[in-house]
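The file upload_14.cif contains mmCIF, C-alpha atoms:
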```
data_query
#
loop_
_atom_site.group_PDB
_atom_site.id
_atom_site.type_symbol
_atom_site.label_atom_id
_atom_site.label_comp_id
_atom_site.auth_asym_id
_atom_site.auth_seq_id
_atom_site.Cartn_x
_atom_site.Cartn_y
_atom_site.Cartn_z
ATOM 1 C CA MET O 169 29.857 -3.031 51.878
ATOM 2 C CA ARG O 170 30.050 -6.511 53.510
ATOM 3 C CA ALA O 171 31.772 -9.841 53.181
ATOM 4 C CA ALA O 172 30.971 -11.891 50.103
ATOM 5 C CA PRO O 173 28.187 -14.460 50.576
ATOM 6 C CA ALA O 174 28.451 -18.187 49.963
ATOM 7 C CA ALA O 175 28.885 -19.216 46.339
ATOM 8 C CA ALA O 176 25.752 -18.809 44.300
ATOM 9 C CA GLN O 177 24.642 -21.255 41.628
ATOM 10 C CA ALA O 178 24.989 -20.121 38.009
ATOM 11 C CA GLU O 179 25.494 -21.278 34.448
ATOM 12 C CA ILE O 180 26.606 -19.290 31.448
ATOM 13 C CA THR O 181 24.259 -19.521 28.483
ATOM 14 C CA GLY O 182 24.236 -18.032 24.974
ATOM 15 C CA SER O 183 26.754 -17.825 22.231
ATOM 16 C CA GLY O 184 29.081 -15.532 24.211
ATOM 17 C CA SER O 185 29.983 -18.090 26.924
ATOM 18 C CA VAL O 186 33.294 -17.633 28.716
ATOM 19 C CA THR O 187 35.871 -20.212 27.666
ATOM 20 C CA ALA O 188 39.493 -20.867 28.429
ATOM 21 C CA GLY O 189 40.308 -20.498 24.768
ATOM 22 C CA ALA O 190 39.375 -16.824 24.516
ATOM 23 C CA LYS O 191 41.892 -14.753 22.605
ATOM 24 C CA PRO O 192 43.916 -12.228 24.592
ATOM 25 C CA THR O 193 43.371 -8.572 23.848
ATOM 26 C CA SER O 194 45.530 -5.489 24.271
ATOM 27 C CA ARG O 195 42.990 -4.045 26.681
ATOM 28 C CA PRO O 196 42.217 -5.528 30.122
ATOM 29 C CA ARG O 197 39.169 -7.727 29.749
ATOM 30 C CA VAL O 198 36.267 -7.794 32.204
ATOM 31 C CA VAL O 199 33.464 -10.349 32.072
ATOM 32 C CA LEU O 200 30.087 -8.930 33.109
ATOM 33 C CA LEU O 201 27.441 -11.451 34.195
ATOM 34 C CA ALA O 202 23.719 -10.814 34.790
ATOM 35 C CA VAL O 203 20.645 -12.976 35.193
ATOM 36 C CA THR O 204 18.851 -11.285 32.278
ATOM 37 C CA ALA O 205 20.202 -9.833 29.047
ATOM 38 C CA ASP O 206 18.395 -6.530 29.564
ATOM 39 C CA ASP O 207 19.397 -5.941 33.179
ATOM 40 C CA PRO O 208 19.585 -2.110 33.552
ATOM 41 C CA LEU O 209 22.387 -2.221 36.125
ATOM 42 C CA ALA O 210 24.490 -4.443 33.861
ATOM 43 C CA ALA O 211 23.912 -2.097 30.915
ATOM 44 C CA ARG O 212 25.027 0.905 32.983
ATOM 45 C CA LEU O 213 28.119 -0.948 34.220
ATOM 46 C CA ALA O 214 29.069 -2.028 30.704
ATOM 47 C CA ALA O 215 28.863 1.527 29.395
ATOM 48 C CA GLU O 216 30.960 2.965 32.216
ATOM 49 C CA LEU O 217 33.566 0.196 32.064
ATOM 50 C CA GLU O 218 33.985 0.733 28.320
ATOM 51 C CA THR O 219 34.643 4.442 28.928
ATOM 52 C CA LEU O 220 37.684 3.332 30.945
ATOM 53 C CA GLY O 221 39.031 1.545 27.872
ATOM 54 C CA LEU O 222 38.238 -1.962 29.143
ATOM 55 C CA ASP O 223 37.223 -4.852 26.911
ATOM 56 C CA VAL O 224 33.811 -5.828 28.315
ATOM 57 C CA SER O 225 32.204 -9.197 27.601
ATOM 58 C CA ARG O 226 28.572 -9.559 28.655
ATOM 59 C CA ASP O 227 26.966 -12.938 29.358
ATOM 60 C CA GLN O 228 23.656 -14.111 30.739
ATOM 61 C CA ILE O 229 23.708 -16.557 33.657
ATOM 62 C CA ASP O 230 21.292 -19.157 34.924
ATOM 63 C CA PRO O 231 21.573 -20.244 38.589
ATOM 64 C CA ILE O 232 22.634 -23.888 38.186
ATOM 65 C CA VAL O 233 26.434 -24.039 38.453
ATOM 66 C CA PRO O 234 28.476 -22.493 41.319
ATOM 67 C CA ILE O 235 29.457 -18.941 40.463
ATOM 68 C CA ASP O 236 33.027 -19.599 41.633
ATOM 69 C CA ASP O 237 33.461 -22.114 38.809
ATOM 70 C CA LEU O 238 32.416 -19.494 36.286
ATOM 71 C CA VAL O 239 34.805 -16.968 37.778
ATOM 72 C CA ARG O 240 37.741 -19.395 37.589
ATOM 73 C CA GLN O 241 36.827 -20.229 33.982
ATOM 74 C CA ALA O 242 36.719 -16.530 33.019
ATOM 75 C CA LEU O 243 40.013 -15.720 34.741
ATOM 76 C CA ALA O 244 41.667 -18.725 33.171
ATOM 77 C CA GLY O 245 40.527 -17.405 29.790
ATOM 78 C CA GLY O 246 42.506 -14.198 30.289
ATOM 79 C CA ALA O 247 39.980 -11.900 31.970
ATOM 80 C CA ARG O 248 41.392 -9.575 34.622
ATOM 81 C CA GLY O 249 38.049 -9.162 36.340
ATOM 82 C CA VAL O 250 34.561 -10.650 36.647
ATOM 83 C CA VAL O 251 31.502 -8.640 37.731
ATOM 84 C CA VAL O 252 28.098 -10.022 38.673
ATOM 85 C CA ALA O 253 25.259 -7.455 38.488
ATOM 86 C CA ASP O 254 22.206 -8.514 40.468
ATOM 87 C CA GLY O 255 19.616 -5.755 40.831
ATOM 88 C CA ARG O 256 20.696 -3.860 43.932
ATOM 89 C CA ARG O 257 24.096 -5.507 44.458
ATOM 90 C CA THR O 258 27.308 -6.162 42.592
ATOM 91 C CA GLU O 259 30.022 -8.726 43.297
ATOM 92 C CA PHE O 260 33.372 -8.704 41.516
ATOM 93 C CA TRP O 261 36.656 -10.586 41.407
ATOM 94 C CA VAL O 262 40.034 -9.229 40.251
ATOM 95 C CA ALA O 263 42.934 -11.492 39.265
ATOM 96 C CA GLU O 264 46.603 -10.850 39.797
ATOM 97 C CA GLU O 265 48.264 -9.425 36.707
ATOM 98 C CA GLY O 266 49.572 -12.206 34.459
ATOM 99 C CA SER O 267 47.835 -14.880 36.532
ATOM 100 C CA ASP O 268 44.388 -16.389 37.027
ATOM 101 C CA ARG O 269 44.742 -16.276 40.798
ATOM 102 C CA VAL O 270 42.087 -14.157 42.559
ATOM 103 C CA ALA O 271 43.687 -11.142 44.227
ATOM 104 C CA MET O 272 40.509 -9.455 45.467
ATOM 105 C CA ARG O 273 36.842 -10.272 45.883
ATOM 106 C CA GLN O 274 34.360 -7.594 46.875
ATOM 107 C CA GLU O 275 30.590 -7.136 47.188
ATOM 108 C CA LEU O 276 28.663 -3.864 47.196
ATOM 109 C CA GLU O 277 24.999 -3.521 48.054
ATOM 110 C CA ILE O 278 22.479 -0.666 48.215
ATOM 111 C CA GLU O 279 18.903 -0.164 49.321
ATOM 112 C CA ASN O 280 16.231 -1.190 46.848
ATOM 113 C CA SER O 281 15.905 2.238 45.265
ATOM 114 C CA PRO O 282 16.209 3.148 41.554
ATOM 115 C CA ALA O 283 17.822 6.445 42.543
ATOM 116 C CA MET O 284 20.756 4.577 44.131
ATOM 117 C CA GLU O 285 21.493 2.449 41.049
ATOM 118 C CA SER O 286 23.881 5.031 39.608
ATOM 119 C CA VAL O 287 25.715 5.246 42.947
ATOM 120 C CA LEU O 288 26.218 1.479 43.037
ATOM 121 C CA SER O 289 27.470 1.483 39.444
ATOM 122 C CA LEU O 290 29.966 4.290 40.039
ATOM 123 C CA ARG O 291 31.317 2.710 43.228
ATOM 124 C CA THR O 292 31.766 -0.644 41.484
ATOM 125 C CA VAL O 293 33.579 0.930 38.530
ATOM 126 C CA GLU O 294 35.780 2.958 40.871
ATOM 127 C CA PHE O 295 36.814 -0.160 42.804
ATOM 128 C CA LEU O 296 37.668 -1.926 39.546
ATOM 129 C CA ARG O 297 39.571 1.092 38.216
ATOM 130 C CA VAL O 298 41.839 1.185 41.265
ATOM 131 C CA SER O 299 42.196 -2.603 41.493
ATOM 132 C CA LEU O 300 43.198 -2.903 37.821
ATOM 133 C CA GLY O 301 45.757 -0.125 38.155
ATOM 134 C CA LEU O 302 43.897 2.349 35.956
ATOM 135 C CA VAL O 303 44.705 5.178 38.354
ATOM 136 C CA GLY O 304 45.028 7.830 35.651
ATOM 137 C CA ARG O 305 41.564 7.183 34.240
ATOM 138 C CA ALA O 306 38.979 8.918 36.338
ATOM 139 C CA VAL O 307 35.392 7.747 36.381
ATOM 140 C CA THR O 308 33.128 10.419 34.927
ATOM 141 C CA PRO O 309 29.620 10.409 36.411
ATOM 142 C CA PRO O 310 26.938 9.977 33.761
ATOM 143 C CA VAL O 311 25.523 13.210 32.485
ATOM 144 C CA VAL O 312 21.884 13.535 33.452
ATOM 145 C CA VAL O 313 20.081 15.429 30.711
ATOM 146 C CA PRO O 314 16.902 17.054 32.041
ATOM 147 C CA PRO O 315 13.811 16.413 29.971
ATOM 148 C CA VAL O 316 13.104 19.122 27.450
ATOM 149 C CA VAL O 317 9.775 20.736 28.210
ATOM 150 C CA PRO O 318 8.477 22.405 25.071
ATOM 151 C CA LYS O 319 7.507 26.005 25.537
ATOM 152 C CA ALA O 320 3.877 26.819 25.161
ATOM 153 C CA GLU O 321 3.310 28.319 21.761
ATOM 154 C CA GLU O 322 2.018 31.838 21.452
ATOM 155 C CA VAL O 323 -1.473 32.459 20.219
ATOM 156 C CA GLY O 324 -2.124 35.022 17.532
ATOM 157 C CA THR O 325 -5.522 36.133 18.878
ATOM 158 C CA ARG O 326 -5.791 39.816 19.801
ATOM 159 C CA VAL O 327 -9.385 40.131 20.986
ATOM 160 C CA ALA O 328 -11.284 38.158 23.621
ATOM 161 C CA PHE O 329 -14.848 38.528 24.836
ATOM 162 C CA ASN O 330 -16.225 36.889 27.969
ATOM 163 C CA LEU O 331 -19.645 36.607 29.514
ATOM 164 C CA MET O 332 -19.944 35.569 33.169
ATOM 165 C CA SER O 333 -22.214 35.605 36.165
ATOM 166 C CA GLY O 334 -21.556 35.539 39.889
ATOM 167 C CA VAL O 335 -21.960 37.336 43.193
ATOM 168 C CA ILE O 336 -20.918 40.813 44.410
ATOM 169 C CA ALA O 337 -20.558 41.579 48.111
ATOM 170 C CA SER O 338 -19.628 44.825 49.873
ATOM 171 C CA THR O 339 -19.349 46.493 53.226
ATOM 172 C CA GLY O 340 -22.524 48.173 54.407
ATOM 173 C CA ARG O 341 -26.082 46.969 54.924
ATOM 174 C CA LEU O 342 -26.728 45.974 51.306
ATOM 175 C CA ALA O 343 -26.746 42.171 51.057
ATOM 176 C CA PRO O 344 -24.652 40.279 48.476
ATOM 177 C CA PHE O 345 -26.422 40.122 45.128
ATOM 178 C CA GLY O 346 -26.197 38.221 41.860
ATOM 179 C CA ALA O 347 -24.803 39.948 38.788
ATOM 180 C CA VAL O 348 -23.975 39.346 35.153
ATOM 181 C CA SER O 349 -20.663 40.555 33.718
ATOM 182 C CA ALA O 350 -19.442 41.240 30.187
ATOM 183 C CA ALA O 351 -15.854 42.127 29.303
ATOM 184 C CA LEU O 352 -13.843 42.855 26.186
ATOM 185 C CA ARG O 353 -10.065 42.386 26.193
ATOM 186 C CA VAL O 354 -7.815 43.731 23.419
ATOM 187 C CA ARG O 355 -4.121 42.897 23.190
ATOM 188 C CA VAL O 356 -1.904 45.916 22.504
ATOM 189 C CA VAL O 357 1.668 44.649 22.617
ATOM 190 C CA GLY O 358 3.004 41.315 23.819
ATOM 191 C CA PRO O 359 0.985 40.152 26.826
ATOM 192 C CA VAL O 360 -0.175 43.684 27.697
ATOM 193 C CA GLY O 361 -3.598 44.910 26.692
ATOM 194 C CA VAL O 362 -6.623 46.902 27.743
ATOM 195 C CA GLU O 363 -10.034 45.752 28.894
ATOM 196 C CA LEU O 364 -13.524 47.141 29.198
ATOM 197 C CA ARG O 365 -16.015 45.549 31.566
ATOM 198 C CA GLY O 366 -19.439 46.069 33.004
ATOM 199 C CA LEU O 367 -21.441 44.397 35.780
ATOM 200 C CA ALA O 368 -25.202 44.599 36.077
ATOM 201 C CA PRO O 369 -27.355 43.213 38.919
ATOM 202 C CA PHE O 370 -29.980 40.553 38.348
ATOM 203 C CA GLY O 371 -32.442 42.605 40.401
ATOM 204 C CA SER O 372 -32.731 45.100 43.240
ATOM 205 C CA GLN O 373 -32.155 44.704 46.960
ATOM 206 C CA GLN O 374 -34.596 45.866 49.601
ATOM 207 C CA LEU O 375 -33.378 48.088 52.424
ATOM 208 C CA ALA O 376 -35.436 49.192 55.390
ATOM 209 C CA GLY O 377 -35.515 52.986 55.399
ATOM 210 C CA PRO O 378 -36.888 55.336 58.058
ATOM 211 C CA LEU O 379 -40.092 55.868 56.050
ATOM 212 C CA GLY O 380 -40.386 52.517 54.281
ATOM 213 C CA PRO O 381 -38.467 50.057 52.090
ATOM 214 C CA ILE O 382 -35.868 51.261 49.608
ATOM 215 C CA ALA O 383 -35.165 49.191 46.469
ATOM 216 C CA THR O 384 -31.488 49.546 45.542
ATOM 217 C CA SER O 385 -29.371 48.148 42.710
ATOM 218 C CA VAL O 386 -25.653 48.550 41.972
ATOM 219 C CA TRP O 387 -24.175 48.973 38.470
ATOM 220 C CA LEU O 388 -20.450 48.926 37.667
ATOM 221 C CA ALA O 389 -18.662 49.846 34.424
ATOM 222 C CA GLY O 390 -15.100 50.818 33.493
ATOM 223 C CA GLY O 391 -11.825 49.448 32.300
ATOM 224 C CA GLY O 392 -8.096 49.180 32.789
ATOM 225 C CA LEU O 393 -4.906 47.388 31.846
ATOM 226 C CA VAL O 394 -4.557 43.631 31.574
ATOM 227 C CA LEU O 395 -1.617 41.228 31.552
ATOM 228 C CA ALA O 396 -2.495 38.030 29.637
ATOM 229 C CA PRO O 397 0.364 35.831 28.303
ATOM 230 C CA ARG O 398 -0.246 34.499 24.762
ATOM 231 C CA ILE O 399 -0.005 30.745 25.199
ATOM 232 C CA THR O 400 -1.740 27.665 23.886
ATOM 233 C CA ALA O 401 -1.500 25.812 27.177
ATOM 234 C CA ARG O 402 -4.743 24.264 28.332
ATOM 235 C CA VAL O 403 -4.599 26.222 31.605
ATOM 236 C CA ALA O 404 -3.694 29.925 31.620
ATOM 237 C CA PHE O 405 -3.923 32.909 33.937
ATOM 238 C CA ASP O 406 -4.313 36.642 33.504
ATOM 239 C CA MET O 407 -4.692 39.688 35.734
ATOM 240 C CA GLY O 408 -5.789 43.269 35.439
ATOM 241 C CA ALA O 409 -6.383 46.539 37.263
ATOM 242 C CA GLY O 410 -8.316 49.690 36.514
ATOM 243 C CA VAL O 411 -11.140 52.036 37.452
ATOM 244 C CA LEU O 412 -14.892 51.444 37.634
ATOM 245 C CA ALA O 413 -17.756 53.884 37.849
ATOM 246 C CA ALA O 414 -20.201 52.646 40.486
ATOM 247 C CA MET O 415 -23.806 53.802 40.512
ATOM 248 C CA LEU O 416 -26.476 52.941 43.073
ATOM 249 C CA ARG O 417 -29.991 53.377 41.828
ATOM 250 C CA SER O 418 -32.538 53.659 44.610
ATOM 251 C CA SER O 419 -36.296 53.931 44.484
ATOM 252 C CA GLY O 420 -38.480 54.460 47.506
ATOM 253 C CA THR O 421 -39.379 57.311 49.747
ATOM 254 C CA GLN O 422 -37.565 60.409 48.473
ATOM 255 C CA THR O 423 -34.273 58.619 47.791
ATOM 256 C CA ASP O 424 -31.473 59.787 45.539
ATOM 257 C CA ASP O 425 -29.101 57.882 43.277
ATOM 258 C CA GLY O 426 -25.478 57.619 44.434
ATOM 259 C CA VAL O 427 -22.408 57.681 42.175
ATOM 260 C CA GLY O 428 -18.772 56.922 42.971
ATOM 261 C CA ILE O 429 -15.434 55.926 41.432
ATOM 262 C CA ALA O 430 -13.825 52.616 42.425
ATOM 263 C CA VAL O 431 -10.371 51.228 41.780
ATOM 264 C CA TYR O 432 -10.200 47.483 41.216
ATOM 265 C CA GLY O 433 -7.804 44.607 40.721
ATOM 266 C CA ARG O 434 -8.580 41.136 39.484
ATOM 267 C CA ALA O 435 -7.083 37.729 38.781
ATOM 268 C CA ALA O 436 -8.472 35.042 36.506
ATOM 269 C CA GLY O 437 -7.843 31.455 35.487
ATOM 270 C CA ARG O 438 -8.851 29.920 32.151
ATOM 271 C CA ILE O 439 -9.236 26.326 30.972
ATOM 272 C CA ARG O 440 -9.152 26.015 27.202
ATOM 273 C CA LEU O 441 -11.848 23.834 25.633
ATOM 274 C CA SER O 442 -10.901 24.534 22.006
ATOM 275 C CA PRO O 443 -8.632 26.959 20.130
ATOM 276 C CA SER O 444 -11.275 29.679 20.527
ATOM 277 C CA TRP O 445 -13.403 28.782 23.565
ATOM 278 C CA SER O 446 -12.475 28.688 27.245
ATOM 279 C CA VAL O 447 -14.170 28.554 30.617
ATOM 280 C CA ARG O 448 -12.891 31.059 33.140
ATOM 281 C CA LEU O 449 -13.113 32.113 36.772
ATOM 282 C CA ASP O 450 -12.541 35.717 37.837
ATOM 283 C CA VAL O 451 -12.032 37.154 41.319
ATOM 284 C CA LEU O 452 -12.345 40.934 41.454
ATOM 285 C CA GLY O 453 -11.929 43.286 44.403
ATOM 286 C CA GLY O 454 -11.843 47.034 44.885
ATOM 287 C CA SER O 455 -12.849 50.063 46.900
ATOM 288 C CA THR O 456 -14.607 53.407 46.440
ATOM 289 C CA ALA O 457 -12.563 54.921 49.297
ATOM 290 C CA PRO O 458 -12.051 57.663 50.297
ATOM 291 C CA ARG O 459 -15.601 58.562 49.113
ATOM 292 C CA PRO O 460 -17.937 55.575 49.628
ATOM 293 C CA ILE O 461 -21.335 55.814 47.970
ATOM 294 C CA ILE O 462 -23.997 56.907 50.392
ATOM 295 C CA ILE O 463 -27.581 55.682 50.165
ATOM 296 C CA THR O 464 -29.732 58.422 51.600
ATOM 297 C CA GLY O 465 -33.274 58.525 52.900
ATOM 298 C CA PRO O 466 -35.573 61.519 53.280
ATOM 299 C CA THR O 467 -34.177 62.471 56.668
ATOM 300 C CA GLN O 468 -30.918 60.562 57.171
ATOM 301 C CA ASP O 469 -28.301 58.356 55.522
ATOM 302 C CA VAL O 470 -29.361 54.708 55.326
ATOM 303 C CA THR O 471 -26.023 52.980 54.550
ATOM 304 C CA THR O 472 -22.900 53.148 52.414
ATOM 305 C CA TRP O 473 -21.639 50.848 49.668
ATOM 306 C CA GLY O 474 -18.241 50.144 48.165
ATOM 307 C CA LEU O 475 -15.797 50.967 50.929
ATOM 308 C CA GLY O 476 -14.574 47.459 50.173
ATOM 309 C CA PHE O 477 -16.169 45.053 47.684
ATOM 310 C CA VAL O 478 -15.380 41.714 46.110
ATOM 311 C CA SER O 479 -16.864 39.669 43.293
ATOM 312 C CA ALA O 480 -16.511 36.051 42.158
ATOM 313 C CA LEU O 481 -17.558 35.323 38.576
ATOM 314 C CA ALA O 482 -17.536 32.291 36.279
ATOM 315 C CA GLY O 483 -18.420 31.939 32.612
ATOM 316 C CA ILE O 484 -17.137 31.450 29.086
ATOM 317 C CA GLU O 485 -14.685 33.308 26.852
ATOM 318 C CA LEU O 486 -14.334 33.576 23.077
ATOM 319 C CA GLU O 487 -10.967 34.493 21.530
ATOM 320 C CA ILE O 488 -10.891 35.828 17.989
#
```
Same coordinates, now as structure tokens:
Amino acid sequence: MRAAPAAAQAEITGSGSVTAGAKPTSRPRVVLLAVTADDPLAARLAAELETLGLDVSRDQIDPIVPIDDLVRQALAGGARGVVVADGRRTEFWVAEEGSDRVAMRQELEIENSPAMESVLSLRTVEFLRVSLGLVGRAVTPPVVVPPVVPKAEEVGTRVAFNLMSGVIASTGRLAPFGAVSAALRVRVVGPVGVELRGLAPFGSQQLAGPLGPIATSVWLAGGGLVLAPRITARVAFDMGAGVLAAMLRSSGTQTDDGVGIAVYGRAAGRIRLSPSWSVRLDVLGGSTAPRPIIITGPTQDVTTWGLGFVSALAGIELEI
């Protein structure tokens, strides 16, 4: 809030020009001036002033004639107040009741921020309300209605099949290896369902045993519960947990196959390409503890697998 600046230049244009011959009304009249007809601040001010029961006249101005001349003309025509809306500032004059003599002149200004426009409007209207003696009419802040975000529609599909490939890594001496994965997901009720999945290696890994190399491959198969919301959104997520049977097949010098049971948990993200097809990324982790699979040689244990393992997979999914 600061002192009013020197008189600006303005001219009233359009059919609604302010004249001394305007007819008096039963409601206090306020003339609202703006440089453009679609000024957003002027539109907000007009709406809020009308809620106070004021008779609001809007006019467009052109900076040619001193603004003080326009104010005197409006007040002489019976207006109780004149408001100039100019982007981030407002300036207003209030006349004495029953006279065209200016009783108050005030200017309000804010930072150049759209978020502060409503604050400037409310402060201007509040000043006018008090100055015009409308003490019993409180200014109601505009109701901000949040945008309605439509809920993602549910999908009627009950079965989904995915085929992926990726990498599996585990504790122990066996190096990370590539694998292909296939999974079937069936919805039971709501977002809850069951899944079956299997992972097969692309090939075998070579381990150095006490009596020569040992070719080893890891196979995983099992199933569990899955939580997959039924939505048509382009991006979706699901998660699951269950049990996998893990088998290590070894061939070499008097080696034995190892078998264990692993618990797992997974999380996945899907990007829908069409109503039926999606691309997906799965991250799966688990453990065969407390009984890790042991890869044995002819005379001693070579290594263990599965005490902790993790897999990252990517591929496609078909929903039917």
So which residues get picked by the PyMOL selection byres ((chain O and resi 359-371) around 6) here, written as number ranges by chain? O: 346-358, 372, 387-397
Using C-alpha atoms, can you export the residues from the last selection as a PDB file, in the coordinates of the input?
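Below you can see result.pdb, which holds the result:
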```pdb
ATOM      1  CA  GLY O 346     -26.197  38.221  41.860  1.00  0.00           C
ATOM      2  CA  ALA O 347     -24.803  39.948  38.788  1.00  0.00           C
ATOM      3  CA  VAL O 348     -23.975  39.346  35.153  1.00  0.00           C
ATOM      4  CA  SER O 349     -20.663  40.555  33.718  1.00  0.00           C
ATOM      5  CA  ALA O 350     -19.442  41.240  30.187  1.00  0.00           C
ATOM      6  CA  ALA O 351     -15.854  42.127  29.303  1.00  0.00           C
ATOM      7  CA  LEU O 352     -13.843  42.855  26.186  1.00  0.00           C
ATOM      8  CA  ARG O 353     -10.065  42.386  26.193  1.00  0.00           C
ATOM      9  CA  VAL O 354      -7.815  43.731  23.419  1.00  0.00           C
ATOM     10  CA  ARG O 355      -4.121  42.897  23.190  1.00  0.00           C
ATOM     11  CA  VAL O 356      -1.904  45.916  22.504  1.00  0.00           C
ATOM     12  CA  VAL O 357       1.668  44.649  22.617  1.00  0.00           C
ATOM     13  CA  GLY O 358       3.004  41.315  23.819  1.00  0.00           C
ATOM     14  CA  SER O 372     -32.731  45.100  43.240  1.00  0.00           C
ATOM     15  CA  TRP O 387     -24.175  48.973  38.470  1.00  0.00           C
ATOM     16  CA  LEU O 388     -20.450  48.926  37.667  1.00  0.00           C
ATOM     17  CA  ALA O 389     -18.662  49.846  34.424  1.00  0.00           C
ATOM     18  CA  GLY O 390     -15.100  50.818  33.493  1.00  0.00           C
ATOM     19  CA  GLY O 391     -11.825  49.448  32.300  1.00  0.00           C
ATOM     20  CA  GLY O 392      -8.096  49.180  32.789  1.00  0.00           C
ATOM     21  CA  LEU O 393      -4.906  47.388  31.846  1.00  0.00           C
ATOM     22  CA  VAL O 394      -4.557  43.631  31.574  1.00  0.00           C
ATOM     23  CA  LEU O 395      -1.617  41.228  31.552  1.00  0.00           C
ATOM     24  CA  ALA O 396      -2.495  38.030  29.637  1.00  0.00           C
ATOM     25  CA  PRO O 397       0.364  35.831  28.303  1.00  0.00           C
TER      26      PRO O 397
END
```
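Atom to atom, atom CA of O:Gly426 and atom CA of O:Gly380 stand 18.6 Å apart.
The nearest approach to O:Trp261 among the residues O:Val203, O:Leu486, O:Val198, O:Ala215, with all atoms listed in the file taken into account, belongs to O:Val198.
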Picked residues, the PyMOL selection byres ((chain O and resi 431-437) around 7), as JSON, numbers by chain: {"O": [404, 405, 406, 407, 408, 409, 410, 411, 412, 429, 430, 438, 439, 448, 449, 450, 451, 452, 453, 454, 455, 456]}
I need the residues from that last selection saved to file as an mmCIF file, keeping the file's coordinate frame (with C-alpha atoms), if you can.
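Below is the file again-v1.cif, written as the result:
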```
data_model
loop_
_atom_site.group_PDB
_atom_site.id
_atom_site.type_symbol
_atom_site.label_atom_id
_atom_site.label_comp_id
_atom_site.auth_asym_id
_atom_site.auth_seq_id
_atom_site.Cartn_x
_atom_site.Cartn_y
_atom_site.Cartn_z
ATOM 1 C CA ALA O 404 -3.694 29.925 31.620
ATOM 2 C CA PHE O 405 -3.923 32.909 33.937
ATOM 3 C CA ASP O 406 -4.313 36.642 33.504
ATOM 4 C CA MET O 407 -4.692 39.688 35.734
ATOM 5 C CA GLY O 408 -5.789 43.269 35.439
ATOM 6 C CA ALA O 409 -6.383 46.539 37.263
ATOM 7 C CA GLY O 410 -8.316 49.690 36.514
ATOM 8 C CA VAL O 411 -11.140 52.036 37.452
ATOM 9 C CA LEU O 412 -14.892 51.444 37.634
ATOM 10 C CA ILE O 429 -15.434 55.926 41.432
ATOM 11 C CA ALA O 430 -13.825 52.616 42.425
ATOM 12 C CA ARG O 438 -8.851 29.920 32.151
ATOM 13 C CA ILE O 439 -9.236 26.326 30.972
ATOM 14 C CA ARG O 448 -12.891 31.059 33.140
ATOM 15 C CA LEU O 449 -13.113 32.113 36.772
ATOM 16 C CA ASP O 450 -12.541 35.717 37.837
ATOM 17 C CA VAL O 451 -12.032 37.154 41.319
ATOM 18 C CA LEU O 452 -12.345 40.934 41.454
ATOM 19 C CA GLY O 453 -11.929 43.286 44.403
ATOM 20 C CA GLY O 454 -11.843 47.034 44.885
ATOM 21 C CA SER O 455 -12.849 50.063 46.900
ATOM 22 C CA THR O 456 -14.607 53.407 46.440
#
```
For a test of reading the model, state the distance in Å between atom CA of O:Arg240 and atom CA of O:Glu279, rounded to one decimal. 29.4 Å
Write out as a VMD selection string the residues lying within 6 Å of stretch 220-224 of chain O, counting all atoms listed in the file and excluding same-chain residues fewer than 5 positions away. chain O and resid 195 to 199
Can you tell me, as a list in words, what residues are no more than 6 Å from O:Arg257 when counting all atoms listed in the file, ignoring any on the same chain fewer than 2 positions away? Asp254, Gly255, Leu276 and Glu277 of chain O
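For the pair atom CA of O:Ser225 and atom CA of O:Val262, the interatomic distance is 14.9 Å.
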Given the PyMOL selection byres ((chain O and resi 248) around 12), the residues it picks as a PyMOL selection string: chain O and resi 192-200+222-225+239-247+249-251+260-272+296-297+299-301
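Between O:Thr472 and the residues O:Gln374, O:Thr384, O:Ser442, O:Thr339, the shortest atom-to-atom distance, using all atoms listed in the file, involves O:Thr339.
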Which residues, written as a PyMOL selection string, have at least one atom at most 8 Å from O:Ile336, with only C-alpha atoms counted and residues fewer than 6 positions away on the same chain left out? chain O and resi 344-347+477-480
Put the listed atoms of stretch 269-272 of chain O in a box along x, y and z with 5 Å added on every side and give me the centre and edge lengths in Å to one decimal, as AutoDock Vina command-line options.
```
--center_x 42.6 --center_y -12.9 --center_z 43.1 --size_x 14.2 --size_y 16.8 --size_z 14.7
```
